[in-house]
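work-v2.tsv (TSV, C-alpha atoms)
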```
chain	number	residue	atom	x	y	z
Y	263	GLY	CA	9.01	-0.79	24.11
Y	264	VAL	CA	12.40	-0.21	22.51
Y	265	LYS	CA	12.20	-0.07	18.73
Y	266	MET	CA	14.39	-2.70	17.03
Y	267	ILE	CA	15.01	-1.00	13.72
Y	268	ILE	CA	17.03	-2.98	11.22
Y	269	ILE	CA	19.17	-0.54	9.24
Y	270	LYS	CA	19.71	-1.71	5.66
Y	271	THR	CA	22.91	-1.51	3.62
Y	272	GLU	CA	23.06	-0.15	0.06
Y	273	ASP	CA	23.42	-3.74	-1.15
Y	274	GLU	CA	20.30	-4.86	0.75
Y	275	ILE	CA	18.35	-1.89	-0.61
Y	276	LYS	CA	19.37	-2.96	-4.12
Y	277	LYS	CA	18.02	-6.46	-3.42
Y	278	MET	CA	14.68	-4.95	-2.39
Y	279	GLN	CA	14.71	-2.85	-5.57
Y	280	VAL	CA	14.86	-6.09	-7.59
Y	281	ALA	CA	11.66	-7.24	-5.84
Y	282	GLY	CA	10.26	-3.72	-6.26
Y	283	LYS	CA	10.78	-3.85	-10.02
Y	284	VAL	CA	8.77	-7.08	-10.25
Y	285	LEU	CA	6.03	-5.53	-8.11
Y	286	SER	CA	5.84	-2.32	-10.15
Y	287	ASP	CA	5.68	-4.41	-13.34
Y	288	VAL	CA	2.65	-6.24	-11.88
Y	289	HIS	CA	0.91	-2.94	-11.13
Y	290	HIS	CA	1.59	-1.76	-14.69
Y	291	LYS	CA	0.00	-4.96	-16.03
Y	292	LEU	CA	-3.02	-4.56	-13.73
Y	293	ARG	CA	-3.84	-1.19	-15.33
Y	294	ASP	CA	-4.99	-3.06	-18.42
Y	295	PHE	CA	-6.23	-6.21	-16.68
Y	296	ILE	CA	-8.67	-4.49	-14.32
Y	297	LYS	CA	-11.93	-3.71	-16.11
Y	298	PRO	CA	-15.66	-4.31	-15.73
Y	299	GLY	CA	-16.52	-8.03	-15.75
Y	300	VAL	CA	-13.24	-9.20	-14.22
Y	301	LYS	CA	-13.67	-11.18	-11.00
Y	302	THR	CA	-11.40	-10.18	-8.13
Y	303	ILE	CA	-10.27	-13.84	-7.78
Y	304	GLU	CA	-8.98	-13.56	-11.37
Y	305	ILE	CA	-6.73	-10.68	-10.29
Y	306	ASP	CA	-5.32	-12.93	-7.56
Y	307	ARG	CA	-4.57	-15.73	-10.04
Y	308	PHE	CA	-3.12	-13.31	-12.59
Y	309	VAL	CA	-0.70	-11.89	-10.02
Y	310	GLU	CA	0.31	-15.28	-8.61
Y	311	ASN	CA	1.07	-16.66	-12.08
Y	312	TYR	CA	2.97	-13.52	-13.10
Y	313	LEU	CA	5.13	-13.67	-9.96
Y	314	LYS	CA	5.88	-17.38	-10.50
Y	315	GLU	CA	7.04	-16.66	-14.05
Y	316	ARG	CA	9.43	-14.03	-12.68
Y	317	GLY	CA	10.86	-16.31	-9.98
Y	318	ALA	CA	9.10	-14.34	-7.25
Y	319	TYR	CA	6.77	-15.39	-4.45
Y	320	PRO	CA	3.57	-13.77	-3.12
Y	321	GLU	CA	4.65	-13.24	0.51
Y	322	GLN	CA	1.11	-12.57	1.80
Y	323	LYS	CA	-0.07	-16.05	0.88
Y	324	GLY	CA	-0.14	-18.01	4.14
Y	325	TYR	CA	0.94	-15.01	6.24
Y	326	GLU	CA	-0.84	-15.50	9.58
Y	327	GLY	CA	-3.24	-17.73	7.65
Y	328	TYR	CA	-4.10	-15.18	4.93
Y	329	PRO	CA	-5.22	-17.39	2.02
Y	330	TYR	CA	-4.50	-15.27	-1.08
Y	331	SER	CA	-1.64	-13.72	-3.05
Y	332	VAL	CA	-3.16	-10.23	-3.00
Y	333	CYS	CA	-5.63	-8.17	-1.07
Y	334	ALA	CA	-8.40	-6.89	-3.36
Y	335	SER	CA	-10.46	-4.21	-1.60
Y	336	VAL	CA	-13.47	-2.87	-3.49
Y	337	ASN	CA	-15.37	0.39	-2.86
Y	338	ASP	CA	-16.09	0.62	0.90
Y	339	GLU	CA	-13.45	-2.01	1.72
Y	340	ILE	CA	-10.47	-0.28	3.32
Y	341	CYS	CA	-7.94	-3.11	3.20
Y	342	HIS	CA	-7.44	-6.89	3.37
Y	343	GLY	CA	-10.32	-7.54	1.00
Y	344	PHE	CA	-10.51	-11.21	0.00
Y	345	PRO	CA	-10.41	-11.93	-3.75
Y	346	THR	CA	-13.76	-13.57	-4.61
Y	347	GLU	CA	-16.15	-14.36	-7.44
Y	348	TYR	CA	-17.31	-10.71	-7.27
Y	349	GLU	CA	-17.38	-9.24	-10.79
Y	350	LEU	CA	-16.07	-5.71	-10.97
Y	351	LYS	CA	-18.64	-3.22	-12.20
Y	352	ASP	CA	-18.31	-0.01	-14.16
Y	353	GLY	CA	-17.74	2.76	-11.60
Y	354	ASP	CA	-16.13	0.58	-8.90
Y	355	ILE	CA	-12.78	1.41	-7.35
Y	356	ILE	CA	-10.41	-1.34	-6.21
Y	357	THR	CA	-7.17	-1.39	-4.24
Y	358	VAL	CA	-4.75	-4.21	-5.00
Y	359	ASP	CA	-2.09	-4.71	-2.33
Y	360	MET	CA	0.72	-7.26	-2.49
Y	361	VAL	CA	4.10	-8.17	-1.06
Y	362	VAL	CA	6.66	-9.66	-3.46
Y	363	ASN	CA	9.52	-11.88	-2.28
Y	364	VAL	CA	12.60	-12.21	-4.51
Y	365	ASP	CA	15.47	-14.20	-2.98
Y	366	GLY	CA	14.25	-13.47	0.55
Y	367	TRP	CA	13.94	-9.68	0.16
Y	368	LEU	CA	10.54	-8.02	0.13
Y	369	ALA	CA	8.74	-5.24	-1.71
Y	370	ASP	CA	5.28	-4.03	-0.63
Y	371	SER	CA	2.97	-1.73	-2.57
Y	372	ALA	CA	-0.75	-1.09	-2.95
Y	373	TRP	CA	-2.46	0.84	-5.73
Y	374	SER	CA	-6.05	1.95	-6.26
Y	375	TYR	CA	-7.62	1.52	-9.69
Y	376	GLU	CA	-10.67	2.95	-11.43
Y	377	VAL	CA	-12.92	0.30	-12.98
Y	378	GLY	CA	-14.34	1.67	-16.23
Y	379	ASN	CA	-15.87	5.11	-15.79
Y	380	VAL	CA	-15.90	6.26	-12.17
Y	381	SER	CA	-17.62	9.31	-10.68
Y	382	PRO	CA	-15.71	12.59	-10.39
Y	383	GLU	CA	-15.99	12.19	-6.60
Y	384	ALA	CA	-14.29	8.77	-6.68
Y	385	LYS	CA	-11.61	10.07	-9.09
Y	386	LYS	CA	-10.84	12.89	-6.69
Y	387	LEU	CA	-10.56	10.50	-3.71
Y	388	LEU	CA	-7.98	8.43	-5.60
Y	389	GLN	CA	-6.04	11.51	-6.70
Y	390	VAL	CA	-5.94	13.05	-3.21
Y	391	THR	CA	-4.95	9.74	-1.58
Y	392	ARG	CA	-2.09	9.28	-4.05
Y	393	GLU	CA	-0.98	12.89	-3.49
Y	394	ALA	CA	-1.13	12.39	0.30
Y	395	MET	CA	1.22	9.41	0.03
Y	396	TYR	CA	3.72	11.45	-1.99
Y	397	LYS	CA	3.48	14.36	0.45
Y	398	GLY	CA	4.42	11.88	3.18
Y	399	ILE	CA	7.33	10.56	1.11
Y	400	GLU	CA	8.65	14.14	0.65
Y	401	LYS	CA	9.02	14.40	4.44
Y	402	ALA	CA	10.95	11.11	4.67
Y	403	VAL	CA	14.39	12.70	4.90
Y	404	ILE	CA	17.24	12.31	7.38
Y	405	GLY	CA	16.71	14.49	10.44
Y	406	ASN	CA	12.94	14.74	10.09
Y	407	ARG	CA	10.70	12.72	12.41
Y	408	LEU	CA	8.03	10.13	11.63
Y	409	GLY	CA	5.39	12.59	12.86
Y	410	ASP	CA	6.33	14.90	9.96
Y	411	ILE	CA	5.21	12.17	7.54
Y	412	GLY	CA	1.92	11.49	9.32
Y	413	ALA	CA	1.12	15.19	9.67
Y	414	ALA	CA	1.69	15.84	5.94
Y	415	VAL	CA	-0.57	12.92	4.95
Y	416	GLN	CA	-3.30	13.88	7.42
Y	417	LYS	CA	-3.33	17.56	6.42
Y	418	HIS	CA	-3.75	16.82	2.72
Y	419	ALA	CA	-6.56	14.32	3.35
Y	420	GLU	CA	-8.45	16.51	5.82
Y	421	ASP	CA	-7.95	19.70	3.74
Y	422	ASN	CA	-9.95	17.86	1.07
Y	423	GLY	CA	-12.72	16.83	3.46
Y	424	TYR	CA	-11.63	13.21	3.86
Y	425	SER	CA	-10.58	11.17	6.90
Y	426	VAL	CA	-7.51	9.06	7.65
Y	427	VAL	CA	-7.88	5.47	8.88
Y	428	ARG	CA	-6.04	5.04	12.22
Y	429	GLU	CA	-6.01	1.26	12.75
Y	430	PHE	CA	-3.57	0.38	9.95
Y	431	VAL	CA	-0.13	1.90	9.62
Y	432	GLY	CA	3.03	1.81	7.55
Y	433	HIS	CA	5.90	-0.34	8.81
Y	434	GLY	CA	9.51	-1.23	8.49
Y	435	ILE	CA	10.23	-4.04	6.02
Y	436	GLY	CA	13.17	-6.06	4.76
Y	437	GLN	CA	13.33	-9.82	5.03
Y	438	GLU	CA	10.29	-9.68	7.33
Y	439	MET	CA	6.99	-8.17	6.21
Y	440	HIS	CA	6.43	-6.13	9.37
Y	441	GLU	CA	9.40	-4.63	11.18
Y	442	ASP	CA	9.79	-1.55	13.38
Y	443	PRO	CA	9.11	1.29	13.12
Y	444	GLN	CA	5.37	1.81	12.80
Y	445	VAL	CA	4.61	4.71	10.47
Y	446	LEU	CA	1.35	6.50	11.32
Y	447	HIS	CA	-0.56	8.44	8.65
Y	448	TYR	CA	-1.60	11.13	11.11
Y	449	GLY	CA	0.20	13.03	13.82
Y	450	LYS	CA	2.10	16.16	14.75
Y	451	PRO	CA	5.17	17.59	13.04
Y	452	GLY	CA	8.38	17.30	15.04
Y	453	ARG	CA	7.15	14.30	17.02
Y	454	GLY	CA	8.14	10.67	16.91
Y	455	LEU	CA	11.23	8.75	15.93
Y	456	ARG	CA	14.02	10.54	14.08
Y	457	ILE	CA	14.46	9.34	10.49
Y	458	GLN	CA	17.89	7.83	9.80
Y	459	GLU	CA	19.85	6.71	6.76
Y	460	GLY	CA	19.26	3.02	5.97
Y	461	MET	CA	15.72	2.85	7.32
Y	462	VAL	CA	13.31	1.10	4.94
Y	463	PHE	CA	9.57	1.41	5.52
Y	464	THR	CA	6.20	1.77	3.83
Y	465	ILE	CA	3.93	4.79	3.64
Y	466	GLU	CA	0.43	3.50	2.89
Y	467	PRO	CA	-2.40	5.88	3.76
Y	468	MET	CA	-5.98	4.58	3.68
Y	469	ILE	CA	-8.26	7.53	3.13
Y	470	ASN	CA	-12.07	7.46	3.51
Y	471	MET	CA	-14.47	9.74	1.70
Y	472	GLY	CA	-16.63	9.78	4.84
Y	473	LYS	CA	-15.73	9.12	8.46
Y	474	LYS	CA	-12.63	7.27	9.67
Y	475	GLU	CA	-14.40	4.52	11.66
Y	476	LEU	CA	-14.27	0.95	10.37
Y	477	THR	CA	-15.71	-2.50	10.95
Y	478	ILE	CA	-14.10	-5.91	10.36
Y	479	ASP	CA	-15.95	-8.56	8.33
Y	480	ASP	CA	-16.74	-12.04	9.67
Y	481	ASN	CA	-13.69	-13.39	7.81
Y	482	GLY	CA	-11.56	-11.68	10.47
Y	483	TRP	CA	-9.52	-9.76	7.89
Y	484	THR	CA	-11.48	-7.39	5.68
Y	485	ALA	CA	-11.84	-3.85	7.01
Y	486	ARG	CA	-14.56	-1.58	5.62
Y	487	THR	CA	-15.87	1.90	6.34
Y	488	LYS	CA	-18.53	1.92	9.04
Y	489	ASP	CA	-20.56	4.55	7.12
Y	490	GLY	CA	-20.32	2.72	3.78
Y	491	SER	CA	-18.28	5.50	2.14
Y	492	LEU	CA	-15.57	4.79	-0.43
Y	493	SER	CA	-11.99	4.18	0.71
Y	494	ALA	CA	-8.75	4.38	-1.30
Y	495	GLN	CA	-5.16	3.40	-0.57
Y	496	TYR	CA	-1.77	3.93	-2.14
Y	497	GLU	CA	1.41	2.45	-0.74
Y	498	HIS	CA	5.06	2.76	-1.62
Y	499	GLN	CA	8.08	1.26	0.09
Y	500	ILE	CA	10.94	3.69	0.55
Y	501	ALA	CA	14.59	3.61	1.61
Y	502	ILE	CA	16.14	6.57	3.42
Y	503	THR	CA	19.42	7.72	1.84
Y	504	LYS	CA	21.61	10.78	2.31
Y	505	ASP	CA	20.24	12.02	-1.04
Y	506	GLY	CA	16.61	11.66	0.06
Y	507	PRO	CA	14.12	8.79	-0.12
Y	508	ILE	CA	14.41	6.12	-2.81
Y	509	ILE	CA	11.02	4.69	-3.83
Y	510	ILE	CA	11.73	0.95	-3.96
Y	511	THR	CA	8.32	0.24	-5.55
Y	512	ASP	CA	8.49	3.17	-8.02
Y	513	GLN	CA	6.28	2.66	-11.07
Y	514	GLY	CA	8.36	5.04	-13.17
Y	515	ASP	CA	5.62	7.38	-14.34
Y	516	CYS	CA	3.45	8.37	-11.38
```

Full structure transcribed into structure tokens:
Amino acid sequence: GVKMIIIKTEDEIKKMQVAGKVLSDVHHKLRDFIKPGVKTIEIDRFVENYLKERGAYPEQKGYEGYPYSVCASVNDEICHGFPTEYELKDGDIITVDMVVNVDGWLADSAWSYEVGNVSPEAKKLLQVTREAMYKGIEKAVIGNRLGDIGAAVQKHAEDNGYSVVREFVGHGIGQEMHEDPQVLHYGKPGRGLRIQEGMVFTIEPMINMGKKELTIDDNGWTARTKDGSLSAQYEHQIAITKDGPIIITDQGDC
């Protein structure tokens, strides 16, 4: 079908940057909060309270019936992990994903965290996944195509022996959580929609240590690797400007 892409003004991008600042502050706080012994439901409560204090709202809560403020995906969980009474253990990895609403404008970012001392293999998966996201962001310039982003992400993941999840993709975002276009994390350079000034979308690769296939839990939401291998995810929201991409969810130091 025809893509209905909502081009954003500089002023609207600034409004999303306000939400993005709140979101990046949450991720900074989570660096210290996430440690062995913490239950994933406690992360959910911590985030919800922090957002309330800042006059922000957790947009995921109630979205299509999703019951929590964050997704908390541990180890082999790819995305949409439910926060639970599960106590994080030394050596776990966890991805915390959230969408922050400030005055009707949204910011969306996921980050993977090491819990205590993780294996060198897990550390490398996180590093390569983060690098893959940034390699995608580098290609998000006017005149390039969406396929250039996906190809850059896929190459970096597969060059390191990992696989890219196909079922979940980046997306346009503004006042709605999911807008056009869809942004795939795999593909061919020079293919796909041309990138234009004023587009705002996420790049959010989910990278598996093993194979790319997944299963969905009985809760209807949580995706996990079919082979039980670890999965990591990093996500930034970017705005396309004539001077290159602005990272709306920039954490300032990574």

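Between atom CA of Val362 of chain Y and atom CA of Ala413 of chain Y there is a distance of 28.6 Å.
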
Tell me, as a compact mmCIF listing (two decimals) with C-alpha atoms, keeping the file's coordinate frame, which residues lie within 8 Å of segment 458-471 of chain Y, counting all atoms listed in the file; anything in the same chain fewer than 6 positions away does not count.
```txt
# COMPACT_ATOMS: atom_id res chain seq x y z
CA ILE Y 267 15.01 -1.00 13.72
CA ILE Y 268 17.03 -2.98 11.22
CA ILE Y 269 19.17 -0.54 9.24
CA LYS Y 270 19.71 -1.71 5.66
CA THR Y 271 22.91 -1.51 3.62
CA GLU Y 272 23.06 -0.15 0.06
CA ILE Y 340 -10.47 -0.28 3.32
CA CYS Y 341 -7.94 -3.11 3.20
CA ASP Y 370 5.28 -4.03 -0.63
CA SER Y 371 2.97 -1.73 -2.57
CA ALA Y 372 -0.75 -1.09 -2.95
CA LEU Y 387 -10.56 10.50 -3.71
CA THR Y 391 -4.95 9.74 -1.58
CA ALA Y 394 -1.13 12.39 0.30
CA MET Y 395 1.22 9.41 0.03
CA GLY Y 398 4.42 11.88 3.18
CA ILE Y 399 7.33 10.56 1.11
CA VAL Y 403 14.39 12.70 4.90
CA ILE Y 404 17.24 12.31 7.38
CA GLY Y 405 16.71 14.49 10.44
CA VAL Y 415 -0.57 12.92 4.95
CA ALA Y 419 -6.56 14.32 3.35
CA GLY Y 423 -12.72 16.83 3.46
CA TYR Y 424 -11.63 13.21 3.86
CA SER Y 425 -10.58 11.17 6.90
CA VAL Y 426 -7.51 9.06 7.65
CA VAL Y 427 -7.88 5.47 8.88
CA PHE Y 430 -3.57 0.38 9.95
CA VAL Y 431 -0.13 1.90 9.62
CA GLY Y 432 3.03 1.81 7.55
CA HIS Y 433 5.90 -0.34 8.81
CA GLY Y 434 9.51 -1.23 8.49
CA ILE Y 435 10.23 -4.04 6.02
CA GLY Y 436 13.17 -6.06 4.76
CA PRO Y 443 9.11 1.29 13.12
CA VAL Y 445 4.61 4.71 10.47
CA HIS Y 447 -0.56 8.44 8.65
CA THR Y 487 -15.87 1.90 6.34
CA SER Y 491 -18.28 5.50 2.14
CA LEU Y 492 -15.57 4.79 -0.43
CA SER Y 493 -11.99 4.18 0.71
CA ALA Y 494 -8.75 4.38 -1.30
CA GLN Y 495 -5.16 3.40 -0.57
CA TYR Y 496 -1.77 3.93 -2.14
CA GLU Y 497 1.41 2.45 -0.74
CA HIS Y 498 5.06 2.76 -1.62
CA GLN Y 499 8.08 1.26 0.09
CA ILE Y 500 10.94 3.69 0.55
CA ALA Y 501 14.59 3.61 1.61
CA ILE Y 502 16.14 6.57 3.42
CA THR Y 503 19.42 7.72 1.84
CA LYS Y 504 21.61 10.78 2.31
```

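Restricting the calculation to only C-alpha atoms, the smallest distance between Arg407 of chain Y and any of Y:Ile457, Y:Val390, Y:Cys333, Y:Leu292 is found for Y:Ile457.
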
**Asked** What is the distance, in Å and to one decimal place, between atom CA of Asp512 of chain Y and atom CA of Pro329 of chain Y?
**Response** 26.7 Å

**Best match for closeness to Ser286 of chain Y among Y:Gly412, Y:Gly327, Y:Gly343, Y:Gly514, counting all atoms listed in the file** = Y:Gly514
